[in-house]
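First the structure, in the form of structure tokens, and then the observations on it.
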Amino acid sequence: MTTVAVKPATMAQALTRALRDAMAADPAVHVMGEDVGTLGGVFRVTDGLAKEFGDDRCTDTPLAEAGILGTAVGMAMYGLRPVVEMQFDAFAYPAFEQLISHVSRMRNRTRGTMPLPITIRVPYGGGIGGVEHHSDSSEAYYMATPGLHVVTPATVADAYGLLRAAIASDDPVVFLEPKRLYWSKDAWNPDDPQTVEPIGRAVVRRSGRSATLITYGPSVPVCLEAAEAARAEGWDLEVVDLRSLVPFDDETVCASVRRTGRAVVVHESGGFGGPGGEIAARVTERCFHHLEAPVLRVAGFDIPYPPPMLEKHHLPGVDRILDAVARLQWEAES
Amino acid sequence: MTTVAVKPATMAQALTRALRDAMAADPAVHVMGEDVGTLGGVFRVTDGLAKEFGDDRCTDTPLAEAGILGTAVGMAMYGLRPVVEMQFDAFAYPAFEQLISHVSRMRNRTRGTMPLPITIRVPYGGGIGGVEHHSDSSEAYYMATPGLHVVTPATVADAYGLLRAAIASDDPVVFLEPKRLYWSKDAWNPDDPQTVEPIGRAVVRRSGRSATLITYGPSVPVCLEAAEAARAEGWDLEVVDLRSLVPFDDETVCASVRRTGRAVVVHESGGFGGPGGEIAARVTERCFHHLEAPVLRVAGFDIPYPPPMLEKHHLPGVDRILDAVARLQWEAES
Amino acid sequence: MTVMEQRGAYRPSPPPAWQPRTDPAPLLPDAAPYRVLGTEAAAKADPELLRRLYTQLVRGRRYNAQATALTKQGRLAVYPSSTGQEACEVAAALALQDRDWLFPSYRDTLAAVVRGVDPVQALTLLRGDWHTGYDPYAHRVAPLCTPLATQLPHAVGLAHAARLKGDDVVALALVGDGGTSEGDFHEALNFAAVWQAPVVFLVQNNGFAISVPLAKQTAAPSLAHKAVGYGMPGRLVDGNDAAAVHEVLADAVRHARAGGGPTLVEAVTYRMEAHTNADDDKRYRPDSEVEAWRDHDPIALLERELTERGLIDESGIVRAREDAEALAADLRARMNQDPVLDPRDLFAHVYAEPTPQLREQQDQLNAELQAEQEGTHR
Amino acid sequence: MTVMEQRGAYRPSPPPAWQPRTDPAPLLPDAAPYRVLGTEAAAKADPELLRRLYTQLVRGRRYNAQATALTKQGRLAVYPSSTGQEACEVAAALALQDRDWLFPSYRDTLAAVVRGVDPVQALTLLRGDWHTGYDPYAHRVAPLCTPLATQLPHAVGLAHAARLKGDDVVALALVGDGGTSEGDFHEALNFAAVWQAPVVFLVQNNGFAISVPLAKQTAAPSLAHKAVGYGMPGRLVDGNDAAAVHEVLADAVRHARAGGGPTLVEAVTYRMEAHTNADDDKRYRPDSEVEAWRDHDPIALLERELTERGLIDESGIVRAREDAEALAADLRARMNQDPVLDPRDLFAHVYAEPTPQLREQQDQLNAELQAEQEGTHR
Ligand SMILES: Cc1ncc(C[n+]2csc(CCOP(=O)(O)OP(=O)(O)O)c2C)c(N)n1
Ligand SMILES: Cc1ncc(C[n+]2csc(CCOP(=O)(O)OP(=O)(O)O)c2C)c(N)n1
Ligand SMILES: [Mg+2]
Ligand SMILES: [Mg+2]
């Protein structure tokens, strides 16, 4: 009996492994996008796939995002399972018409006869010192588009598990990859990787009694840090990692908030019209009488993503989260 | 002294008049889009403008929405004030990259030296028996994009006033025109039209004491109808017409909710990730201790817009609004 | 050999050793649209094919008339007629094999019908009970596509996928002259050429995009001239000459099937009716222009050829008309029945499984419908 | 006459009276890239211009080296070098009049600098203190554009607006070979041709879009062949021959200025460095390919011509290098100073007036900053 080593791995490595395993398991899985072949992607997530599976399974496309997603639609119509890479969040915008008008609607349009099992990988978010257009948080657009699943990992294990689940899904999945977590490391056993199924379950990353931080993707580590720091102020914070924005796990989130009676939603995306509004509203609808204070939001400002030298002021950090926790009307506490 | 006749006019007529007056007042105003010239637009909103001002002031463009908005950006860079028509809500999607990456950001990108005074007219919403792609409510996308103003009229007078204000604004404004109100009539005096300025003020369309309906655009008349019907059930509903989604008029909305203690947000757009989440969340943040019940939402379902024969089931109607009002925990009332 | 290693790919080499990989000359279209009817080429055309085309043109014209009539009776929400363009619609459908795929736009219900889709199902979108009335896999006809040119990359992707799987499948995609201005047109043609995908693009240049004439849409010598910019052949054809359109498309399909890659075909035709029943074409074109095109009617052109060459007689013409009438009568009868709708369908197909949120919403609607039925709703 | 009534517009007339409005032949590019240096054409070139080009090429090469060095010192977040492409950058800037406009992409800081933008301001985006470091109106240089090809419609719109206002202004827009695949490229060229806008499109075909070689980007005979599909002339030029690029661009600018409409120019060049300092070009191209292009270096080509024809001597070469060193020294010195940043700028320019919401957020940030300063933050 061999003992399997649990070694530190980066999120990028786990994603690569998920793609490779999915391609090996199912010849219908095709990876496509800009620079995903020979180069292995600008974040190296597709590294080695073209070599192992050939250019026809991992294809450098012409430089045109609507064309990439549009041809992926046709490939999916014919029974393939395209995994599309959008090079950066902001460069997915040219593909929005294909996404909204076709990817999200084809199954419904055809009463289920023409599903589109497409996975759209979108590196998103800031904190990497990227210049303009390289740090957008675009999840609000995807959430507002019925017919899409929207998921985002915060851990190495989830990166693998969620990506396998996304590729296995018969529905289109927007798979948001937090750029600044690509090189984050976790102990992870690549020889016994787990898929995270079904898509749509949140997870409590840290239990606590005082209040719930509801978050996802790049903000999960920040919230965990905030929760540690909060102990000094006497708060025992629970941290819920949504993992899936669509479908939304009302059950797990509301169970937590009912327990703690207070909640702060934390994300990098702009606050106004961002995910936090939806989350705060639905939690309030469902948990109103358990709430000691309104659900607060800590989000990016309502501005275009700032240049790298100023991004630290924009990103929700530990202090801003704790400031919000402090405003949760503790006076009301008996 | 001549007496000016206040005659019934349609919203479409008021919009045409606003365009004409803006073009007459400022030679920098240029109207452009698909079929806006000779035909006068598929909704006839630009009727007569090409004849009056020439093809160079009111231009039938090639059929390409990104091209329309992209060239409008260049025209605005040179000091013009383009008024762009997107033929239908869903056909604005191809222009999203230009909208998000340039229109909304150019002023900020250039520290204010290169503002883009572009008005983007988007006929939106359903209830007109339109086939697929002709009835989308896309306001959530615009709201989630900092740098844009987003306004929408619900009355004939506001249609004129807001459009004049939008064109006069030095910022880009997404001007959402509720398709099913194009032919709605109000008494309106075209010889003494008022602009609605500044952009960003909501208005109380009906005063009431029991609860506030927060709404905008196509749902305003529905809410007014619901408020009338509610009298039979003993509810005296206040109706707030937001008129501007960005900037948002927290003052007017919160003043109303603080007065009534209860609120329902009503819109056609899908609920999940839609405008209602933001609105409910911010009202709750600001009015928590005045609320007798959670702010509820009555919205379109979280589905692709249905075919015309089924749209009546999708659109928030009087019954669904009253059902929501009934769930506002009246038992708690002393 | 991967798809990338094929002919046609443009590789730079440092000047001065410049060598274009593709000779542009064969990619350029002829100066004038290709014609068969009334020319010497007609003699070589298969009489059986000409008769088949004729029958379908006559059916197609009648189908268009019937569908337009149904809008007046409130049985269709809207109808974009292909009257005048039947030669393109019919030839597109007949140029394909059964295993091939057709990618129609909103105006191309007729092509779908000729390919075998039940006319009632083809019209479902336009009647308004659902977005697509037919199973796309049954006749290999993609859903009618409304957002202009967005179906073109789908056709490319499908053809590419079929080829990767080793299947002998060609995709034919239809688009209008206006649609060629969209970015998706460009991206689709480029992907097709780089991948050497077995796909044929047919532009029905009917002179207008709603009210906008071609002169405001492009300054190109012809739309077919766009092909060379992608490294694929461009063909220009008289779109009212069913025999010519069929020949050019059949050639292009054969070429694609043999691994020769994509072709762009521009068929010059004319939209004889308004854009849809909701449009008023008097606003943007003179009657005289429409009238001038009547002399070049696709049915008349073909009928003249068939008659002159003795390939059809009066009884053949009558038979074609009777056949068309039967189609119309059947369509009328069935479209006059109210479709049976189930509002619960709204939630059934958004995802493979409804999300918990959709299940809640479905329950809400169910409760409302029940209350309505029981008369207990507000 | 409105812009719509001009030459070049493609009007359909019913077959058989087919008449293309534009003759495609003059729109097609030559079979090989146009060259001046080392050919007979060089004799006709203005010596003063050649010397000016030379000085700027040498400055440009040094500028590129300095900027790349600044990335290693952490003074730039990222730098996409135009080393090897200086002939295109320099010629683009010099082909324009002062009143004209330049629309650069992220790789074209050099063109902006040659046009007069302060190098430190040109690099602000890439340093990371703000998105644009210069006032676009000061030198009529649009902000460096990152989303590929999206600047092209801007150039068309600006040129069109200037023309409508009666101003004598030409816009020159730069784009890469990869960028030609984007829908915005297509839409921009089409609008330009239909409007006959005074705009020139320069494609710097440097062989790669990051790692993707041209063969995977297009199957066209050349990128310049795309022009005919829009009804504008396409020109193919050796992009490392500064005299040739300048001549072709100056011709195109003149043509546009005279009301002749847009031109598409493809300059065949080569990206000698990795895509940016963050890229590893060893992964996708052999050193030998890069080496082969060294024989065709733009500076060496021009220097040879100038020297052979006695238009420059050793001291002239030294002067050019000294000038370049001075630029580099100044750039280095100033870039080594930390930029002064004001976080409150985040809110100042989102709208003409901050919204009430932004004012709240600004207050929040102010309070945080103050707490930080006072050491009272958490
Ligand atoms: C992306 C997009 N923009 C706008 C429209 C609205 N629209 C429907 S048909 C049409 C004109 C299409 O012209 P053309 O492509 O020539 O096809 P035709 O109608 O002549 O068959 C327009 C603008 C649309 N359907 N999709
Ligand atoms: C719309 C868009 N998609 C993707 C990118 C990411 N990206 C930046 S540069 C580049 C390659 C561009 O190649 P090319 O147009 O040939 O210009 P070059 O870099 O060679 O100058 C890519 C894919 C982008 N900036 N914009
Ligand atoms: Mg047309
Ligand atoms: Mg390049």
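Ligands are numbered from 1 in the order shown, residues from 1 within each chain, and chains are lettered A, B, ... in the order they appear in the structure tokens.
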
Self-check item: strand (DSSP E or B) call set, DSSP backbone run, segment 92-324 of chain A, as number ranges by chain
Solution: A: 119-124, 149-151, 173-178, 185-188, 203-206, 211-215, 237-241, 244-246, 263-270, 296-300

Output C-alpha atoms for every residue in the selection just made, as a short mmCIF file (atom, residue, chain, number, x, y, z; two decimals), in the first residue's frame.
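Once everything was written out, this is selection.cif:
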data_model
loop_
_atom_site.label_atom_id
_atom_site.label_comp_id
_atom_site.auth_asym_id
_atom_site.auth_seq_id
_atom_site.Cartn_x
_atom_site.Cartn_y
_atom_site.Cartn_z
CA THR A 119 -17.50 26.15 -19.47
CA ILE A 120 -16.28 29.73 -19.71
CA ARG A 121 -13.18 30.33 -17.65
CA VAL A 122 -12.75 33.97 -16.72
CA PRO A 123 -9.75 35.12 -14.67
CA TYR A 124 -11.22 37.96 -12.61
CA HIS A 149 -24.34 28.96 -13.62
CA VAL A 150 -21.73 31.16 -11.98
CA VAL A 151 -19.12 29.62 -9.71
CA VAL A 173 -21.04 27.57 -16.42
CA VAL A 174 -19.15 30.81 -16.01
CA PHE A 175 -16.13 29.77 -14.02
CA LEU A 176 -14.57 32.79 -12.35
CA GLU A 177 -10.93 32.33 -11.39
CA PRO A 178 -9.66 34.78 -8.78
CA LYS A 185 -0.93 27.35 -2.08
CA ASP A 186 -2.81 24.76 -0.10
CA ALA A 187 -1.95 21.28 0.93
CA TRP A 188 -3.73 19.24 -1.70
CA VAL A 203 -19.49 26.10 2.63
CA VAL A 204 -18.77 27.47 6.08
CA ARG A 205 -15.04 28.12 6.07
CA ARG A 206 -14.91 29.24 9.68
CA ALA A 211 -21.78 37.61 12.86
CA THR A 212 -21.51 36.06 9.42
CA LEU A 213 -19.20 37.25 6.67
CA ILE A 214 -20.74 36.18 3.36
CA THR A 215 -18.14 36.15 0.65
CA LEU A 237 -17.01 35.71 13.02
CA GLU A 238 -18.39 32.99 10.81
CA VAL A 239 -17.17 32.98 7.21
CA VAL A 240 -19.35 31.54 4.47
CA ASP A 241 -17.71 30.90 1.11
CA SER A 244 -21.59 29.30 -6.39
CA LEU A 245 -23.31 32.60 -7.05
CA VAL A 246 -25.83 30.87 -9.32
CA ALA A 263 -24.12 39.65 8.46
CA VAL A 264 -21.72 41.51 6.22
CA VAL A 265 -21.36 40.69 2.54
CA VAL A 266 -17.84 41.16 1.27
CA HIS A 267 -16.68 41.32 -2.33
CA GLU A 268 -14.29 43.21 -4.58
CA SER A 269 -16.89 44.00 -7.20
CA GLY A 270 -18.40 47.46 -7.03
CA LEU A 296 -24.08 45.49 5.51
CA ARG A 297 -21.88 45.38 2.45
CA VAL A 298 -18.18 45.87 2.07
CA ALA A 299 -17.37 46.14 -1.59
CA GLY A 300 -15.16 47.85 -4.10
#

Exercise. Enumerate as number ranges by chain the residues within 8 Å of ligand 2, counting only C-alpha atoms and all ligand atoms.
Key: A: 34-35, 63-65, 86-88, 90-94, 133; D: 80, 82, 105-107, 146-150, 175-180, 182, 204-211, 271, 275

Quiz item: Nearest to chain B among C:Ala267, C:Leu144, C:Val169, C:Ala41, with distances taken over only C-alpha atoms: which residue is it?
Solution: C:Leu144

Self-check item: Proximal residues of chain D relative to chain A (only C-alpha atoms; 9 Å) as a PyMOL selection string
Solution: chain D and resi 77-78+125-131+146-148+178-183+209-212+214+216-218+279-281+283-284+341-343+346-347+350+357-358+361-362+365+368+377-378

With a distance cut-off of 10 Å and only C-alpha atoms, select the neighbouring residues of segment 323-338 of chain D, excluding the residue or stretch itself and same-chain residues fewer than 3 positions from it, and output the selection as a tab-separated table (two decimals) with C-alpha atoms, in the first residue's frame.
chain	number	residue	atom	x	y	z
D	55	THR	CA	17.39	60.05	-35.42
D	56	GLN	CA	13.97	58.99	-34.23
D	57	LEU	CA	14.62	55.30	-34.84
D	58	VAL	CA	17.75	55.46	-32.76
D	59	ARG	CA	15.93	57.36	-30.01
D	60	GLY	CA	13.10	54.87	-30.23
D	61	ARG	CA	15.34	51.86	-29.85
D	62	ARG	CA	16.98	53.44	-26.83
D	63	TYR	CA	13.60	54.39	-25.39
D	64	ASN	CA	12.45	50.80	-25.70
D	65	ALA	CA	15.59	49.51	-24.01
D	66	GLN	CA	15.22	52.02	-21.19
D	67	ALA	CA	11.57	51.24	-20.61
D	69	ALA	CA	15.08	48.20	-18.00
D	70	LEU	CA	12.62	50.13	-15.86
D	73	GLN	CA	13.82	47.90	-11.56
D	74	GLY	CA	10.18	47.74	-10.64
D	75	ARG	CA	9.54	51.21	-11.99
D	76	LEU	CA	7.06	50.03	-14.60
D	118	ASP	CA	6.36	63.47	-22.62
D	119	PRO	CA	7.77	59.93	-22.25
D	120	VAL	CA	7.02	59.88	-18.54
D	121	GLN	CA	3.42	60.78	-19.27
D	123	LEU	CA	4.39	55.56	-19.62
D	124	THR	CA	2.03	56.52	-16.80
D	127	ARG	CA	3.83	52.54	-14.45
D	129	ASP	CA	-0.31	55.58	-11.23
D	317	ILE	CA	25.49	58.66	-36.03
D	318	VAL	CA	27.18	59.60	-32.80
D	319	ARG	CA	24.93	62.64	-32.45
D	320	ALA	CA	21.85	60.46	-32.89
D	341	LEU	CA	-0.54	60.05	-5.82

Practice problem: Please report, as a ChimeraX atom specification, each residue of segment 77-156 of chain A to which DSSP assigns helix (DSSP H, G or I) when run on this structure's backbone. | Solution: /A:77,89-103,106-109,139-143,156

Write a file of the selected residues as a PDB file, in the first residue's frame, keeping N, CA and C atoms.
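Result file follows (out-v2.pdb):
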ATOM      1  N   MET A  77     -23.242  22.472 -29.869  1.00  0.00           N
ATOM      2  CA  MET A  77     -24.421  21.977 -30.590  1.00  0.00           C
ATOM      3  C   MET A  77     -24.154  20.598 -31.185  1.00  0.00           C
ATOM      4  N   ASP A  89     -10.897  39.212 -17.446  1.00  0.00           N
ATOM      5  CA  ASP A  89     -12.282  39.617 -17.213  1.00  0.00           C
ATOM      6  C   ASP A  89     -12.791  40.610 -18.251  1.00  0.00           C
ATOM      7  N   ALA A  90     -12.041  41.705 -18.448  1.00  0.00           N
ATOM      8  CA  ALA A  90     -12.535  42.776 -19.316  1.00  0.00           C
ATOM      9  C   ALA A  90     -12.561  42.346 -20.778  1.00  0.00           C
ATOM     10  N   PHE A  91     -11.840  41.291 -21.102  1.00  0.00           N
ATOM     11  CA  PHE A  91     -11.811  40.868 -22.497  1.00  0.00           C
ATOM     12  C   PHE A  91     -12.896  39.840 -22.783  1.00  0.00           C
ATOM     13  N   ALA A  92     -13.718  39.578 -21.796  1.00  0.00           N
ATOM     14  CA  ALA A  92     -14.916  38.769 -22.050  1.00  0.00           C
ATOM     15  C   ALA A  92     -16.058  39.639 -22.560  1.00  0.00           C
ATOM     16  N   TYR A  93     -15.945  40.952 -22.395  1.00  0.00           N
ATOM     17  CA  TYR A  93     -17.073  41.814 -22.785  1.00  0.00           C
ATOM     18  C   TYR A  93     -17.445  41.687 -24.258  1.00  0.00           C
ATOM     19  N   PRO A  94     -16.464  41.573 -25.169  1.00  0.00           N
ATOM     20  CA  PRO A  94     -16.877  41.430 -26.582  1.00  0.00           C
ATOM     21  C   PRO A  94     -17.743  40.186 -26.821  1.00  0.00           C
ATOM     22  N   ALA A  95     -17.691  39.234 -25.916  1.00  0.00           N
ATOM     23  CA  ALA A  95     -18.460  37.996 -26.103  1.00  0.00           C
ATOM     24  C   ALA A  95     -19.827  38.056 -25.424  1.00  0.00           C
ATOM     25  N   PHE A  96     -20.196  39.202 -24.881  1.00  0.00           N
ATOM     26  CA  PHE A  96     -21.435  39.266 -24.096  1.00  0.00           C
ATOM     27  C   PHE A  96     -22.677  38.969 -24.923  1.00  0.00           C
ATOM     28  N   GLU A  97     -22.720  39.412 -26.171  1.00  0.00           N
ATOM     29  CA  GLU A  97     -23.924  39.115 -26.941  1.00  0.00           C
ATOM     30  C   GLU A  97     -24.083  37.606 -27.115  1.00  0.00           C
ATOM     31  N   GLN A  98     -23.011  36.923 -27.482  1.00  0.00           N
ATOM     32  CA  GLN A  98     -23.090  35.464 -27.611  1.00  0.00           C
ATOM     33  C   GLN A  98     -23.482  34.835 -26.271  1.00  0.00           C
ATOM     34  N   LEU A  99     -22.939  35.388 -25.202  1.00  0.00           N
ATOM     35  CA  LEU A  99     -23.206  34.820 -23.884  1.00  0.00           C
ATOM     36  C   LEU A  99     -24.665  34.992 -23.480  1.00  0.00           C
ATOM     37  N   ILE A 100     -25.147  36.222 -23.596  1.00  0.00           N
ATOM     38  CA  ILE A 100     -26.487  36.528 -23.110  1.00  0.00           C
ATOM     39  C   ILE A 100     -27.533  35.973 -24.078  1.00  0.00           C
ATOM     40  N   SER A 101     -27.336  36.217 -25.367  1.00  0.00           N
ATOM     41  CA  SER A 101     -28.393  35.896 -26.317  1.00  0.00           C
ATOM     42  C   SER A 101     -28.376  34.431 -26.753  1.00  0.00           C
ATOM     43  N   HIS A 102     -27.269  33.745 -26.589  1.00  0.00           N
ATOM     44  CA  HIS A 102     -27.227  32.346 -27.031  1.00  0.00           C
ATOM     45  C   HIS A 102     -26.818  31.362 -25.940  1.00  0.00           C
ATOM     46  N   VAL A 103     -25.652  31.564 -25.364  1.00  0.00           N
ATOM     47  CA  VAL A 103     -25.170  30.558 -24.416  1.00  0.00           C
ATOM     48  C   VAL A 103     -26.199  30.333 -23.308  1.00  0.00           C
ATOM     49  N   MET A 106     -29.961  28.901 -25.155  1.00  0.00           N
ATOM     50  CA  MET A 106     -30.211  27.893 -26.186  1.00  0.00           C
ATOM     51  C   MET A 106     -31.026  26.718 -25.664  1.00  0.00           C
ATOM     52  N   ARG A 107     -30.720  26.268 -24.461  1.00  0.00           N
ATOM     53  CA  ARG A 107     -31.486  25.148 -23.906  1.00  0.00           C
ATOM     54  C   ARG A 107     -32.964  25.526 -23.795  1.00  0.00           C
ATOM     55  N   ASN A 108     -33.216  26.674 -23.221  1.00  0.00           N
ATOM     56  CA  ASN A 108     -34.589  27.123 -23.032  1.00  0.00           C
ATOM     57  C   ASN A 108     -35.273  27.343 -24.373  1.00  0.00           C
ATOM     58  N   ARG A 109     -34.550  27.955 -25.290  1.00  0.00           N
ATOM     59  CA  ARG A 109     -35.083  28.245 -26.629  1.00  0.00           C
ATOM     60  C   ARG A 109     -35.590  26.981 -27.309  1.00  0.00           C
ATOM     61  N   GLU A 139     -18.712  39.810 -12.092  1.00  0.00           N
ATOM     62  CA  GLU A 139     -19.696  38.783 -11.751  1.00  0.00           C
ATOM     63  C   GLU A 139     -21.140  39.284 -11.770  1.00  0.00           C
ATOM     64  N   ALA A 140     -21.351  40.588 -11.532  1.00  0.00           N
ATOM     65  CA  ALA A 140     -22.729  41.090 -11.530  1.00  0.00           C
ATOM     66  C   ALA A 140     -23.399  40.859 -12.884  1.00  0.00           C
ATOM     67  N   TYR A 141     -22.641  41.029 -13.951  1.00  0.00           N
ATOM     68  CA  TYR A 141     -23.215  40.816 -15.290  1.00  0.00           C
ATOM     69  C   TYR A 141     -23.663  39.363 -15.462  1.00  0.00           C
ATOM     70  N   TYR A 142     -22.835  38.456 -15.001  1.00  0.00           N
ATOM     71  CA  TYR A 142     -23.168  37.038 -15.179  1.00  0.00           C
ATOM     72  C   TYR A 142     -24.353  36.638 -14.311  1.00  0.00           C
ATOM     73  N   MET A 143     -24.369  37.174 -13.083  1.00  0.00           N
ATOM     74  CA  MET A 143     -25.465  36.832 -12.175  1.00  0.00           C
ATOM     75  C   MET A 143     -26.808  37.304 -12.710  1.00  0.00           C
ATOM     76  N   VAL A 156      -7.617  25.736  -3.265  1.00  0.00           N
ATOM     77  CA  VAL A 156      -7.011  24.879  -4.278  1.00  0.00           C
ATOM     78  C   VAL A 156      -7.910  23.676  -4.559  1.00  0.00           C
TER      79      VAL A 156
END
